[in-house]
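Asks: Mind looking over this structure? Questions follow.
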Amino acid sequence: MTTRAKSGIHKPTQRLNLHTTSITPLPRSHLQALQDPHWRTAMNEEFHALLKNGTWKLVPRPLGVNVVRSMWLFRHKFNADGSLSRYKARLVANGRSQQPGIDCDETFSPVVKPATIRTILSLAVSQHWPIHQLDVKNAFLHGHLQETVYMHQPPGFRDPRFKDHVCLLQRSLYDLKQAPRAWYHRFTQYALQIGFQHSRTDTSLFIYRSDHATVGNQGHKHAQRITKTDSQSRIQS
């Protein structure tokens, strides 16, 4: 069989998009991204959001400590109709550069069991309860770290006044090994504080009971689904 490749015919792949005239391609590095106004704006928004959240503070680099690398990830976000929604830049930590026992310890995070989800959905269907979903935006950024983690300053955003300083993380960051566990602990503390209790069969299921309502909440790494019932009972999963 004769193919175009065998005949020496090579054509670039054309991405079909019926809703946008032009899309800036994904950059190969942060240096390339900073040269484009779309990606530079996305990086600035992410960087200032992390500063506002108090994710880290700059400190002099201590001697003999492990410093985690940081890097930028880029992605196009599209609307339901396929049109371009926005350019998304996310700063993540390179968890592979962490050292167990130094800047990470326990990393296991409970995940809701599939049987629990099926049970909740089965109850919702049989009782005709409407189901709504709640997405926790940037969930991992709300977790508090128990370990001392140092990270290099974000590429392209090094403070010119403190070039040799490193970031002492105050909050969890995506791709840290303990990020899922930190978020689960933060969510669990709040759920127990407002009156929820752990289920005996699934630690990711939280149940709240009162005289007029029963509420169940399934903690997850990224989102919680909320199922509301009539005035007598409701289940959140």
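Labels used: A, B, ... for chains in the order of the structure tokens, numbers from 1 for residues in each chain, and numbers from 1 for ligands as shown.
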List as a PyMOL selection string the protein and nucleic acid residues near Ala42 (chain A), meaning an atom at most 10 Å away when only C-alpha atoms are counted, but skip any in the same chain fewer than 5 places from it.

Replies: chain A and resi 33-34+37+47+74+86-90

Asks: Near Leu73 (chain A), within 10 Å and counting only C-alpha atoms, which residues show up once chain neighbours fewer than 6 positions away are dropped, as a ChimeraX atom specification?

Replies: /A:26-30,43,88-92

Asks: Taking only residues of region 130-166 of chain A that have an atom at most 6 Å from an atom of region 178-188 of chain A, what is each one's shortest atom pair and its distance in Å to one decimal, using only C-alpha atoms, in chain and number order, as JSON lines?

Replies:
```
{"residue": "A:Phe140", "atom": "CA", "partner": "A:Trp183", "partner_atom": "CA", "distance": 5.5}
{"residue": "A:Gly143", "atom": "CA", "partner": "A:Trp183", "partner_atom": "CA", "distance": 4.3}
{"residue": "A:His144", "atom": "CA", "partner": "A:Ala182", "partner_atom": "CA", "distance": 5.8}
```

Asks: May I have all residues of region 17-235 of chain A that DSSP, computed from the backbone, assigns to strand (DSSP E or B), given as a ChimeraX atom specification?

Replies: /A:56-60,67-68,70-78,84-93,100,104,131-135,144,150-151,165-169,171,197-198,205-209,214-218,223-227,235

Asks: Select, from A:Gly54, A:Gly8, A:Pro130, A:Gly156, the residue with the minimum atom-to-atom distance to Arg171 (chain A), counting only C-alpha atoms.

Replies: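 Looking only at the distances to Arg171 (chain A), the closest residue turns out to be A:Gly54.
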
Asks: Give the answer as one residue: which of A:Asp211, A:Glu147, A:Asp159, A:Asp164 has the shortest atom-to-atom distance to Arg61 (chain A), using only C-alpha atoms?

Replies: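 Of A:Asp211, A:Glu147, A:Asp159, A:Asp164, the one nearest Arg61 (chain A) is A:Asp164, counting only C-alpha atoms.
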
Asks: So that I can see what lies close to Ala93 (chain A), please list as a list in words the residues with an atom at most 7 Å from it, counting only C-alpha atoms and leaving out residues fewer than 6 positions away in the same chain.

Replies: Val68, Arg69, Ser70, Met71, Leu173, Tyr174, Asp175 and Leu176 of chain A

Asks: Quick one: DSSP helix (DSSP H, G or I) residues in region 123-173 of chain A, as a ChimeraX atom specification?

Replies: /A:123-126,139-142

Asks: Could those residues be written to a file, using N, CA and C atoms, as a PDB file, in the first residue's frame?

Replies:
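Wrote it out as result-v4.pdb, contents follow:
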```pdb
ATOM      1  N   LEU A 123     -30.889   5.591  45.941  1.00  0.00           N
ATOM      2  CA  LEU A 123     -31.866   6.226  46.826  1.00  0.00           C
ATOM      3  C   LEU A 123     -32.476   7.466  46.183  1.00  0.00           C
ATOM      4  N   ALA A 124     -31.629   8.247  45.526  1.00  0.00           N
ATOM      5  CA  ALA A 124     -32.123   9.467  44.898  1.00  0.00           C
ATOM      6  C   ALA A 124     -33.126   9.157  43.790  1.00  0.00           C
ATOM      7  N   VAL A 125     -32.836   8.119  43.008  1.00  0.00           N
ATOM      8  CA  VAL A 125     -33.748   7.751  41.918  1.00  0.00           C
ATOM      9  C   VAL A 125     -35.055   7.181  42.458  1.00  0.00           C
ATOM     10  N   SER A 126     -34.944   6.300  43.451  1.00  0.00           N
ATOM     11  CA  SER A 126     -36.156   5.658  43.980  1.00  0.00           C
ATOM     12  C   SER A 126     -37.055   6.650  44.708  1.00  0.00           C
ATOM     13  N   ALA A 139      -9.720  23.189  44.700  1.00  0.00           N
ATOM     14  CA  ALA A 139      -9.891  22.543  46.004  1.00  0.00           C
ATOM     15  C   ALA A 139      -8.560  22.320  46.710  1.00  0.00           C
ATOM     16  N   PHE A 140      -7.551  21.853  45.966  1.00  0.00           N
ATOM     17  CA  PHE A 140      -6.278  21.516  46.603  1.00  0.00           C
ATOM     18  C   PHE A 140      -5.590  22.726  47.208  1.00  0.00           C
ATOM     19  N   LEU A 141      -5.891  23.916  46.706  1.00  0.00           N
ATOM     20  CA  LEU A 141      -5.235  25.120  47.220  1.00  0.00           C
ATOM     21  C   LEU A 141      -5.747  25.516  48.590  1.00  0.00           C
ATOM     22  N   HIS A 142      -6.794  24.856  49.075  1.00  0.00           N
ATOM     23  CA  HIS A 142      -7.353  25.179  50.383  1.00  0.00           C
ATOM     24  C   HIS A 142      -6.796  24.285  51.489  1.00  0.00           C
TER      25      HIS A 142
END
```

Asks: Fewer than 2 positions away in the same chain doesn't count, so skip those; otherwise give me all residues within 8 Å of Lys57 (chain A), counting only C-alpha atoms, as a ChimeraX atom specification.

Replies: /A:54-55,59,167-170

Asks: Emit the selected residues as a PDB file, in the first residue's frame, including all heavy atoms.

Replies:
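Final output, saved to part_27.pdb:
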```pdb
ATOM      1  N   GLY A  54      -2.362  33.447  49.797  1.00  0.00           N
ATOM      2  CA  GLY A  54      -1.321  33.197  50.799  1.00  0.00           C
ATOM      3  C   GLY A  54      -0.698  31.825  50.661  1.00  0.00           C
ATOM      4  O   GLY A  54      -0.400  31.163  51.665  1.00  0.00           O
ATOM      5  N   THR A  55      -0.487  31.376  49.421  1.00  0.00           N
ATOM      6  CA  THR A  55       0.022  30.028  49.190  1.00  0.00           C
ATOM      7  C   THR A  55       1.448  29.858  49.691  1.00  0.00           C
ATOM      8  O   THR A  55       1.832  28.776  50.129  1.00  0.00           O
ATOM      9  CB  THR A  55      -0.055  29.694  47.692  1.00  0.00           C
ATOM     10  OG1 THR A  55      -1.393  29.938  47.213  1.00  0.00           O
ATOM     11  CG2 THR A  55       0.302  28.242  47.433  1.00  0.00           C
ATOM     12  N   VAL A  59      11.316  33.302  51.665  1.00  0.00           N
ATOM     13  CA  VAL A  59      12.272  33.233  52.776  1.00  0.00           C
ATOM     14  C   VAL A  59      13.656  32.959  52.206  1.00  0.00           C
ATOM     15  O   VAL A  59      13.783  32.411  51.107  1.00  0.00           O
ATOM     16  CB  VAL A  59      11.889  32.124  53.783  1.00  0.00           C
ATOM     17  CG1 VAL A  59      10.538  32.394  54.417  1.00  0.00           C
ATOM     18  CG2 VAL A  59      11.897  30.754  53.102  1.00  0.00           C
ATOM     19  N   CYS A 167      10.298  29.781  48.061  1.00  0.00           N
ATOM     20  CA  CYS A 167       8.929  29.863  48.569  1.00  0.00           C
ATOM     21  C   CYS A 167       8.726  28.835  49.683  1.00  0.00           C
ATOM     22  O   CYS A 167       8.915  27.629  49.461  1.00  0.00           O
ATOM     23  CB  CYS A 167       7.920  29.598  47.451  1.00  0.00           C
ATOM     24  SG  CYS A 167       8.007  30.751  46.070  1.00  0.00           S
ATOM     25  N   LEU A 168       8.357  29.293  50.857  1.00  0.00           N
ATOM     26  CA  LEU A 168       7.955  28.407  51.942  1.00  0.00           C
ATOM     27  C   LEU A 168       6.451  28.252  51.852  1.00  0.00           C
ATOM     28  O   LEU A 168       5.691  29.189  52.103  1.00  0.00           O
ATOM     29  CB  LEU A 168       8.352  28.997  53.295  1.00  0.00           C
ATOM     30  CG  LEU A 168       7.876  28.230  54.535  1.00  0.00           C
ATOM     31  CD1 LEU A 168       8.412  26.802  54.532  1.00  0.00           C
ATOM     32  CD2 LEU A 168       8.275  28.957  55.813  1.00  0.00           C
ATOM     33  N   LEU A 169       6.006  27.076  51.449  1.00  0.00           N
ATOM     34  CA  LEU A 169       4.584  26.867  51.172  1.00  0.00           C
ATOM     35  C   LEU A 169       3.767  26.912  52.455  1.00  0.00           C
ATOM     36  O   LEU A 169       4.093  26.237  53.441  1.00  0.00           O
ATOM     37  CB  LEU A 169       4.369  25.534  50.464  1.00  0.00           C
ATOM     38  CG  LEU A 169       4.974  25.413  49.054  1.00  0.00           C
ATOM     39  CD1 LEU A 169       4.624  24.070  48.437  1.00  0.00           C
ATOM     40  CD2 LEU A 169       4.513  26.542  48.159  1.00  0.00           C
ATOM     41  N   GLN A 170       2.699  27.716  52.437  1.00  0.00           N
ATOM     42  CA  GLN A 170       1.757  27.803  53.537  1.00  0.00           C
ATOM     43  C   GLN A 170       0.487  27.005  53.250  1.00  0.00           C
ATOM     44  O   GLN A 170      -0.212  26.591  54.165  1.00  0.00           O
ATOM     45  CB  GLN A 170       1.372  29.269  53.778  1.00  0.00           C
ATOM     46  CG  GLN A 170       2.560  30.196  53.976  1.00  0.00           C
ATOM     47  CD  GLN A 170       3.314  29.895  55.249  1.00  0.00           C
ATOM     48  OE1 GLN A 170       2.751  29.932  56.343  1.00  0.00           O
ATOM     49  NE2 GLN A 170       4.594  29.588  55.113  1.00  0.00           N
TER      50      GLN A 170
END
```

Asks: Using CA of Thr148 (chain A) and CA of Leu50 (chain A) as the two end points, give the distance in Å to one decimal.

Replies: 18.0 Å

Asks: If I take CA of Ser109 (chain A) and CA of Leu205 (chain A), how far is one from the other in Å, to one decimal?

Replies: 13.3 Å
